[in-house]
file my_file-v4.txt (compact mmCIF, C-alpha atoms)
# COMPACT_ATOMS: atom_id res chain seq x y z
CA MET A 1 137.61 134.86 67.39
CA ARG A 2 135.96 132.73 70.09
CA ARG A 3 133.14 130.40 69.12
CA ALA A 4 129.67 131.70 70.11
CA HIS A 5 126.85 129.17 70.18
CA LEU A 6 123.95 131.53 69.47
CA PHE A 7 120.49 130.71 68.10
CA GLU A 8 119.44 130.68 64.45
CA PHE A 9 115.88 131.43 63.37
CA ASN A 10 115.76 128.31 61.21
CA ASP A 11 116.37 126.19 64.35
CA MET A 12 113.30 127.57 66.09
CA PRO A 13 110.18 125.34 65.99
CA TRP A 14 107.93 128.40 66.23
CA LEU A 15 109.26 130.01 63.02
CA PRO A 16 106.33 130.44 60.58
CA SER A 17 106.42 128.03 57.66
CA PRO A 18 106.64 130.74 54.91
CA LEU A 19 109.73 132.22 56.58
CA ARG A 20 111.37 128.82 57.09
CA LYS A 21 110.69 127.85 53.49
CA THR A 22 112.15 131.14 52.20
CA ILE A 23 115.34 130.71 54.24
CA MET A 24 115.76 127.11 53.08
CA GLU A 25 115.17 128.02 49.44
CA PHE A 26 117.68 130.90 49.59
CA LEU A 27 120.28 128.66 51.21
CA HIS A 28 119.78 125.81 48.74
CA HIS A 29 119.73 127.88 45.56
CA MET A 30 122.67 130.01 46.67
CA SER A 31 124.69 126.81 47.21
CA VAL A 32 123.67 125.21 43.92
CA GLN A 33 123.68 128.18 41.56
CA LEU A 34 127.00 129.51 42.86
CA ARG A 35 128.39 125.94 42.73
CA MET A 36 129.74 126.32 46.25
CA TYR A 37 130.39 122.62 46.80
CA ASP A 38 131.81 121.50 43.44
CA GLY A 39 135.38 121.18 44.71
CA SER A 40 134.41 119.35 47.90
CA PHE A 41 132.08 117.04 45.97
CA ASP A 42 135.06 116.13 43.77
CA VAL A 43 137.10 115.21 46.85
CA LEU A 44 134.18 113.18 48.20
CA ALA A 45 133.82 111.37 44.86
CA GLU A 46 137.51 110.43 44.85
CA LEU A 47 137.29 109.22 48.44
CA MET A 48 134.32 107.00 47.63
CA LYS A 49 136.08 105.61 44.56
CA GLN A 50 139.24 104.78 46.53
CA ARG A 51 137.31 102.96 49.25
CA GLY A 52 134.68 101.38 47.01
CA LEU A 53 131.80 103.14 48.78
CA THR A 54 128.43 103.23 47.03
CA SER A 55 126.03 104.16 49.85
CA ILE A 56 125.62 107.60 51.47
CA GLN A 57 123.55 108.31 54.56
CA ALA A 58 122.78 112.03 54.27
CA LEU A 59 122.16 113.03 57.89
CA CYS A 60 120.66 116.38 58.93
CA ALA A 61 119.54 116.60 55.29
CA GLY A 62 117.18 119.57 55.74
CA ASP A 63 115.03 119.83 52.63
CA GLY A 64 117.40 117.42 50.83
CA GLY A 65 117.86 119.50 47.69
CA LEU A 66 121.64 119.64 47.92
CA MET A 67 121.81 115.84 47.86
CA LEU A 68 120.07 115.80 44.49
CA GLU A 69 122.84 118.10 43.26
CA LEU A 70 125.45 115.74 44.79
CA SER A 71 123.89 112.76 43.01
CA ARG A 72 124.05 114.60 39.69
CA HIS A 73 127.64 115.66 40.38
CA LEU A 74 128.74 112.09 41.16
CA ASP A 75 126.94 110.85 38.04
CA ARG A 76 127.17 107.20 39.11
CA GLU A 77 124.32 104.78 38.68
CA ASP A 78 125.64 102.55 41.47
CA VAL A 79 125.66 105.23 44.21
CA ARG A 80 122.56 105.53 46.37
CA ILE A 81 121.89 108.40 48.77
CA GLN A 82 119.42 108.06 51.65
CA LEU A 83 118.03 111.25 53.18
CA SER A 84 117.18 111.58 56.86
CA ASP A 85 116.64 114.29 59.43
CA LYS A 86 115.43 114.68 62.99
CA HIS A 87 112.43 116.52 61.53
CA PRO A 88 112.11 114.89 58.08
CA SER A 89 110.46 116.78 55.21
CA ARG A 90 108.69 113.68 53.94
CA GLU A 91 106.81 115.24 51.03
CA ARG A 92 109.94 117.02 49.82
CA PHE A 93 112.02 113.84 50.21
CA GLU A 94 109.49 111.89 48.14
CA GLU A 95 109.58 114.57 45.45
CA LEU A 96 113.40 114.38 45.30
CA ALA A 97 113.32 110.58 45.14
CA ARG A 98 111.10 110.76 42.05
CA GLU A 99 113.22 113.49 40.47
CA SER A 100 116.44 111.52 41.03
CA GLY A 101 115.20 108.47 39.13
CA GLY A 102 115.73 106.23 42.13
CA ARG A 103 119.19 107.38 43.17
CA LEU A 104 117.76 109.08 46.26
CA SER A 105 115.57 107.52 48.92
CA HIS A 106 114.60 108.63 52.41
CA VAL A 107 113.93 107.45 55.94
CA GLU A 108 110.36 108.03 57.07
CA GLN A 109 111.17 108.13 60.77
CA SER A 110 113.04 110.82 62.69
CA VAL A 111 116.77 110.06 62.84
CA ASP A 112 118.90 111.33 65.72
CA VAL A 113 122.42 112.00 64.44
CA LEU A 114 123.76 111.14 67.90
CA ASP A 115 122.29 107.63 67.68
CA VAL A 116 121.89 106.60 64.06
CA PRO A 117 120.14 103.21 63.72
CA ALA A 118 122.69 100.48 62.97
CA HIS A 119 120.81 99.33 59.86
CA LEU A 120 121.43 102.71 58.21
CA SER A 121 124.87 101.73 56.99
CA GLY A 122 127.10 103.62 54.58
CA LEU A 123 129.09 106.82 54.52
CA ARG A 124 127.55 109.31 56.94
CA LEU A 125 127.53 112.73 55.31
CA ILE A 126 126.70 115.96 57.15
CA VAL A 127 126.76 119.13 55.04
CA ASN A 128 126.50 122.63 56.53
CA ALA A 129 125.02 121.39 59.80
CA VAL A 130 127.84 120.51 62.22
CA HIS A 131 128.01 124.11 63.47
CA HIS A 132 124.48 123.67 64.86
CA PHE A 133 125.82 121.29 67.51
CA GLU A 134 127.68 121.95 70.76
CA PRO A 135 131.19 120.42 71.09
CA ALA A 136 129.97 117.52 73.25
CA GLN A 137 127.35 116.72 70.60
CA VAL A 138 129.91 116.83 67.78
CA ARG A 139 132.03 114.40 69.79
CA GLY A 140 128.93 112.23 70.17
CA ILE A 141 128.30 112.28 66.40
CA LEU A 142 131.86 111.13 65.77
CA ALA A 143 131.70 108.51 68.54
CA ASP A 144 128.46 107.03 67.20
CA ALA A 145 130.05 106.55 63.76
CA VAL A 146 133.19 104.99 65.25
CA ASN A 147 131.24 102.71 67.63
CA LYS A 148 129.15 101.42 64.71
CA GLY A 149 132.09 101.16 62.30
CA GLN A 150 130.71 103.61 59.74
CA PRO A 151 132.69 106.14 57.65
CA ILE A 152 131.82 109.79 58.22
CA VAL A 153 132.36 113.09 56.37
CA PHE A 154 131.69 116.69 57.43
CA LEU A 155 131.48 119.54 54.89
CA GLU A 156 131.19 123.02 56.41
CA PRO A 157 131.10 126.13 54.16
CA VAL A 158 131.24 128.67 57.01
CA GLN A 159 134.45 129.86 58.66
CA ARG A 160 134.92 131.59 61.99
CA ASP A 161 137.11 134.48 60.92
CA LEU A 162 136.63 138.17 60.18
CA VAL A 163 137.34 138.01 56.43
CA SER A 164 134.75 135.27 55.84
CA LEU A 165 132.19 137.11 57.95
CA LEU A 166 132.72 140.38 56.08
CA ARG A 167 132.54 138.61 52.70
CA PHE A 168 129.22 137.02 53.63
CA SER A 169 127.83 140.29 55.02
CA ALA A 170 128.70 142.20 51.84
CA ALA A 171 127.42 139.59 49.38
CA THR A 172 124.22 138.42 51.08
CA PRO A 173 121.97 141.49 50.44
CA LEU A 174 122.75 141.25 46.71
CA ILE A 175 122.22 137.48 46.68
CA SER A 176 118.89 137.82 48.52
CA ALA A 177 117.66 140.45 46.04
CA TRP A 178 118.71 138.28 43.10
CA LEU A 179 116.97 135.18 44.48
CA SER A 180 113.84 137.21 45.29
CA LEU A 181 113.54 138.63 41.77
CA GLY A 182 113.83 135.47 39.72
CA GLY A 183 117.13 133.84 40.66
CA ILE A 184 114.85 131.00 41.74
CA ARG A 185 112.43 129.93 39.03
CA PRO A 186 109.55 130.32 38.78
CA LEU A 187 109.17 133.79 40.27
CA ASN A 188 107.22 133.44 43.51
CA PRO A 189 105.21 136.21 45.28
CA ARG A 190 106.16 134.84 48.71
CA ARG A 191 109.88 135.06 47.98
CA THR A 192 109.55 138.53 46.46
CA LEU A 193 107.54 139.78 49.44
CA LEU A 194 109.67 138.21 52.21
CA GLY A 195 112.95 138.66 50.38
CA LEU A 196 112.63 142.21 49.10
CA VAL A 197 109.37 144.11 49.67
CA ALA A 198 109.04 143.38 53.40
CA PRO A 199 112.37 141.58 53.72
CA VAL A 200 111.81 139.62 56.93
CA GLY A 201 112.95 136.44 55.20
CA ALA A 202 116.09 138.06 53.84
CA LEU A 203 116.93 139.48 57.28
CA CYS A 204 116.46 136.07 58.95
CA PHE A 205 118.62 134.51 56.23
CA PHE A 206 121.32 137.14 56.84
CA PHE A 207 121.12 136.77 60.64
CA ASP A 208 121.35 132.97 60.47
CA GLY A 209 124.34 133.21 58.13
CA VAL A 210 126.22 135.52 60.48
CA VAL A 211 125.48 133.25 63.43
CA SER A 212 126.57 130.20 61.42
CA HIS A 213 129.98 131.81 60.93
CA LEU A 214 130.24 132.55 64.66
CA ARG A 215 129.26 128.95 65.48
CA ALA A 216 131.73 127.36 63.04
CA TYR A 217 134.56 125.09 64.21
CA HIS A 218 138.23 125.37 63.35
CA LEU A 219 139.94 122.20 62.11
CA GLU A 220 142.01 121.98 65.29
CA GLU A 221 138.83 121.99 67.37
CA TRP A 222 137.52 119.04 65.35
CA ARG A 223 140.88 117.30 65.79
CA GLU A 224 140.72 117.72 69.56
CA LEU A 225 137.22 116.22 69.62
CA ILE A 226 138.39 113.23 67.55
CA GLN A 227 141.17 112.56 70.06
CA GLN A 228 138.53 112.30 72.80
CA VAL A 229 136.63 109.53 70.96
CA GLU A 230 137.42 106.02 72.13
CA GLY A 231 138.47 103.89 69.18
CA SER A 232 139.36 106.83 66.92
CA GLU A 233 142.85 105.35 66.42
CA GLY A 234 141.20 102.63 64.33
CA TYR A 235 140.19 105.23 61.74
CA ASP A 236 142.03 107.14 59.04
CA TRP A 237 141.26 110.84 59.55
CA ASP A 238 141.68 113.64 57.04
CA LEU A 239 141.05 117.28 57.99
CA ARG A 240 141.69 120.11 55.54
CA GLN A 241 140.44 123.29 53.93
CA LEU A 242 139.06 123.07 50.39
CA SER A 243 138.56 125.90 47.91
CA GLY A 244 135.01 127.20 47.57
CA PHE A 245 133.25 129.98 45.67
CA MET A 246 135.23 133.20 45.00
CA GLY A 247 138.00 132.54 47.50
CA SER A 248 135.78 131.05 50.19
CA ARG A 249 136.79 127.83 51.94
CA ILE A 250 135.05 124.64 52.98
CA SER A 251 136.15 122.73 56.06
CA PHE A 252 136.45 119.02 55.26
CA LEU A 253 136.64 116.14 57.72
CA SER A 254 136.63 112.47 56.79
CA GLY A 255 137.00 109.46 59.03
CA LEU A 256 137.12 105.96 57.57
CA PRO A 257 137.79 102.62 59.27
CA LYS A 258 141.35 101.53 58.59
CA PRO A 259 141.47 98.71 56.02
CA ARG A 260 141.86 95.32 57.60
CA ARG A 261 145.21 93.66 57.01
CA GLY A 262 145.28 90.46 55.04
CA ALA A 263 146.29 87.20 56.68
CA GLY A 264 149.85 87.51 55.37
CA GLU A 265 150.35 91.13 56.36
CA GLN A 266 152.10 92.26 59.53
CA ALA A 267 151.90 95.50 61.43
CA VAL A 268 154.81 97.82 60.83
call {"tool": "encode", "arguments": {"input": "my_file-v4.txt", "output": "structure tokens"}}
result
Amino acid sequence: MRRAHLFEFNDMPWLPSPLRKTIMEFLHHMSVQLRMYDGSFDVLAELMKQRGLTSIQALCAGDGGLMLELSRHLDREDVRIQLSDKHPSRERFEELARESGGRLSHVEQSVDVLDVPAHLSGLRLIVNAVHHFEPAQVRGILADAVNKGQPIVFLEPVQRDLVSLLRFSAATPLISAWLSLGGIRPLNPRRTLLGLVAPVGALCFFFDGVVSHLRAYHLEEWRELIQQVEGSEGYDWDLRQLSGFMGSRISFLSGLPKPRRGAGEQAV
């Protein structure tokens, strides 16, 4: 299946706020309540422990809710997560910072993932957003991390194959109805209206999900982009598929600067 870089409603600046909010809420609560990322969060936690990493730069954070779930999953007082986005949801970010008890903070200014300010150091984490970028942009994201010596991780829950697409298409109408009728508490008239009664929100959510699958990258495509990044040989790269919810898979990419050799060590 060839990659198709189509549009998603949630990318469009003209999308009315109630629709955008409904799509974001459906996406967030589906991810959290179905525990879609538990396995990949475990891998991330082990990676951070091995490398002694305690700072996460959550890029393309959207409404940021998933990062609160990550913070709870890590359950470490010493780990801090900073939220940023090209179009930051400042009020939502502030709300999450309060709810996290100080484990989450946010960047007030717009942050371009292709040119992350050097002072925003730490592990760069991009969850369910890489498929929004063209190949040249993905290469640029990787190159910016390498040029600035920062570790980077991609987590992508969508797969570009027929089985994954059919699974999503079959499950999404049921998930949308569930979330519209109280799967998200408290029950909200906007979600019930746009998710079930006049289901424009549910249809946009379904459309965006299908397009996300068609936009997704295979691991080999990521690997080819890494090979085009100058300096990538100075990083340890790990690309694999992780188990997700009910047989689904999550594409995982990590790139970390190779540890420096001690004075007495020699190259093999």
call {"tool": "residues_around", "arguments": {"input": "my_file-v4.txt", "residues": "Leu162 of chain A", "least_positions_apart": "6", "cutoff": "12 Å", "atoms": "all atoms listed in the file", "output": "count of residues only"}}
result
7
call {"tool": "residues_around", "arguments": {"input": "my_file-v4.txt", "residues": "Met48 of chain A", "least_positions_apart": "5", "cutoff": "12 Å", "atoms": "all atoms listed in the file", "output": "PDB file with C-alpha atoms, keeping the file's coordinate frame"}}
result
ATOM      1  CA  PHE A  41     132.080 117.040  45.970  1.00  0.00           C
ATOM      2  CA  ASP A  42     135.060 116.130  43.770  1.00  0.00           C
ATOM      3  CA  VAL A  43     137.100 115.210  46.850  1.00  0.00           C
ATOM      4  CA  LEU A  53     131.800 103.140  48.780  1.00  0.00           C
ATOM      5  CA  THR A  54     128.430 103.230  47.030  1.00  0.00           C
ATOM      6  CA  SER A  55     126.030 104.160  49.850  1.00  0.00           C
ATOM      7  CA  ILE A  56     125.620 107.600  51.470  1.00  0.00           C
ATOM      8  CA  LEU A  74     128.740 112.090  41.160  1.00  0.00           C
ATOM      9  CA  ARG A  76     127.170 107.200  39.110  1.00  0.00           C
ATOM     10  CA  ASP A  78     125.640 102.550  41.470  1.00  0.00           C
ATOM     11  CA  VAL A  79     125.660 105.230  44.210  1.00  0.00           C
ATOM     12  CA  ARG A  80     122.560 105.530  46.370  1.00  0.00           C
ATOM     13  CA  GLY A 122     127.100 103.620  54.580  1.00  0.00           C
ATOM     14  CA  LEU A 123     129.090 106.820  54.520  1.00  0.00           C
ATOM     15  CA  ARG A 124     127.550 109.310  56.940  1.00  0.00           C
ATOM     16  CA  LEU A 125     127.530 112.730  55.310  1.00  0.00           C
ATOM     17  CA  PRO A 151     132.690 106.140  57.650  1.00  0.00           C
ATOM     18  CA  ILE A 152     131.820 109.790  58.220  1.00  0.00           C
ATOM     19  CA  VAL A 153     132.360 113.090  56.370  1.00  0.00           C
ATOM     20  CA  SER A 254     136.630 112.470  56.790  1.00  0.00           C
ATOM     21  CA  GLY A 255     137.000 109.460  59.030  1.00  0.00           C
ATOM     22  CA  LEU A 256     137.120 105.960  57.570  1.00  0.00           C
TER      23      LEU A 256
END
call {"tool": "residues_around", "arguments": {"input": "my_file-v4.txt", "residues": "Ser212 of chain A", "least_positions_apart": "2", "cutoff": "8 Å", "atoms": "only C-alpha atoms", "output": "PyMOL selection string"}}
result
chain A and resi 8+131-132+158+208-210+214-216
call {"tool": "atom_distance", "arguments": {"input": "my_file-v4.txt", "atom1": "atom CA of Glu230 of chain A", "atom2": "atom CA of Gln150 of chain A"}}
result
14.3 Å
call {"tool": "residues_around", "arguments": {"input": "my_file-v4.txt", "residues": "Gly247 of chain A", "least_positions_apart": "3", "cutoff": "10 Å", "atoms": "only C-alpha atoms", "output": "mmCIF file with C-alpha atoms, keeping the file's coordinate frame"}}
result
data_model
loop_
_atom_site.group_PDB
_atom_site.id
_atom_site.type_symbol
_atom_site.label_atom_id
_atom_site.label_comp_id
_atom_site.auth_asym_id
_atom_site.auth_seq_id
_atom_site.Cartn_x
_atom_site.Cartn_y
_atom_site.Cartn_z
ATOM 1 C CA SER A 164 134.750 135.270 55.840
ATOM 2 C CA ARG A 167 132.540 138.610 52.700
ATOM 3 C CA LEU A 242 139.060 123.070 50.390
ATOM 4 C CA SER A 243 138.560 125.900 47.910
ATOM 5 C CA GLY A 244 135.010 127.200 47.570
#
call {"tool": "closest_residue", "arguments": {"input": "my_file-v4.txt", "among": "A:Ile250, A:Val229, A:Leu66, A:Met12", "to": "Gln33 of chain A", "atoms": "only C-alpha atoms"}}
result
A:Leu66
call {"tool": "atom_distance", "arguments": {"input": "my_file-v4.txt", "atom1": "atom CA of Cys60 of chain A", "atom2": "atom CA of Ser110 of chain A"}}
result
10.2 Å
call {"tool": "atom_distance", "arguments": {"input": "my_file-v4.txt", "atom1": "atom CA of Ala61 of chain A", "atom2": "atom CA of Arg240 of chain A"}}
result
22.4 Å
call {"tool": "closest_atom_pairs", "arguments": {"input": "my_file-v4.txt", "of": "segment 156-259 of chain A", "to": "segment 22-26 of chain A", "cutoff": "9 Å", "atoms": "only C-alpha atoms", "output": "tab-separated table"}}
result
residue	atom	partner	partner_atom	distance
A:Ile175	CA	A:Phe26	CA	8.5
A:Ser176	CA	A:Phe26	CA	7.1
A:Leu179	CA	A:Phe26	CA	6.7
A:Ser180	CA	A:Phe26	CA	8.5
A:Ile184	CA	A:Glu25	CA	8.3
A:Arg190	CA	A:Thr22	CA	7.9
A:Arg191	CA	A:Thr22	CA	6.2
A:Leu194	CA	A:Thr22	CA	7.5
A:Gly195	CA	A:Thr22	CA	7.8
A:Gly201	CA	A:Thr22	CA	6.1
A:Ala202	CA	A:Ile23	CA	7.4
A:Cys204	CA	A:Ile23	CA	7.2
A:Phe205	CA	A:Ile23	CA	5.4
A:Asp208	CA	A:Ile23	CA	8.9
call {"tool": "residues_near_point", "arguments": {"input": "my_file-v4.txt", "point": "(125.3, 115.8, 68.2)", "cutoff": "10 Å", "atoms": "all atoms listed in the file", "output": "list in words"}}
result
Asp112, Val113, Leu114, Asp115, Val130, His131, His132, Phe133, Glu134, Pro135, Ala136, Gln137, Val138, Arg139, Gly140, Ile141, Leu142, Ala143 and Asp144 of chain A
call {"tool": "write_last_selection", "arguments": {"input": "my_file-v4.txt", "atoms": "C-alpha atoms", "output": "CSV table (one decimal), keeping the file's coordinate frame"}}
result
chain,number,residue,atom,x,y,z
A,112,ASP,CA,118.9,111.3,65.7
A,113,VAL,CA,122.4,112.0,64.4
A,114,LEU,CA,123.8,111.1,67.9
A,115,ASP,CA,122.3,107.6,67.7
A,130,VAL,CA,127.8,120.5,62.2
A,131,HIS,CA,128.0,124.1,63.5
A,132,HIS,CA,124.5,123.7,64.9
A,133,PHE,CA,125.8,121.3,67.5
A,134,GLU,CA,127.7,122.0,70.8
A,135,PRO,CA,131.2,120.4,71.1
A,136,ALA,CA,130.0,117.5,73.2
A,137,GLN,CA,127.4,116.7,70.6
A,138,VAL,CA,129.9,116.8,67.8
A,139,ARG,CA,132.0,114.4,69.8
A,140,GLY,CA,128.9,112.2,70.2
A,141,ILE,CA,128.3,112.3,66.4
A,142,LEU,CA,131.9,111.1,65.8
A,143,ALA,CA,131.7,108.5,68.5
A,144,ASP,CA,128.5,107.0,67.2
call {"tool": "closest_residue", "arguments": {"input": "my_file-v4.txt", "among": "A:Leu239, A:Gly182, A:Arg90, A:Phe252", "to": "Glu224 of chain A", "atoms": "only C-alpha atoms"}}
result
A:Leu239
call {"tool": "closest_residue", "arguments": {"input": "my_file-v4.txt", "among": "A:Pro18, A:Gly64, A:Pro157, A:Pro189", "to": "His218 of chain A", "atoms": "only C-alpha atoms"}}
result
A:Pro157
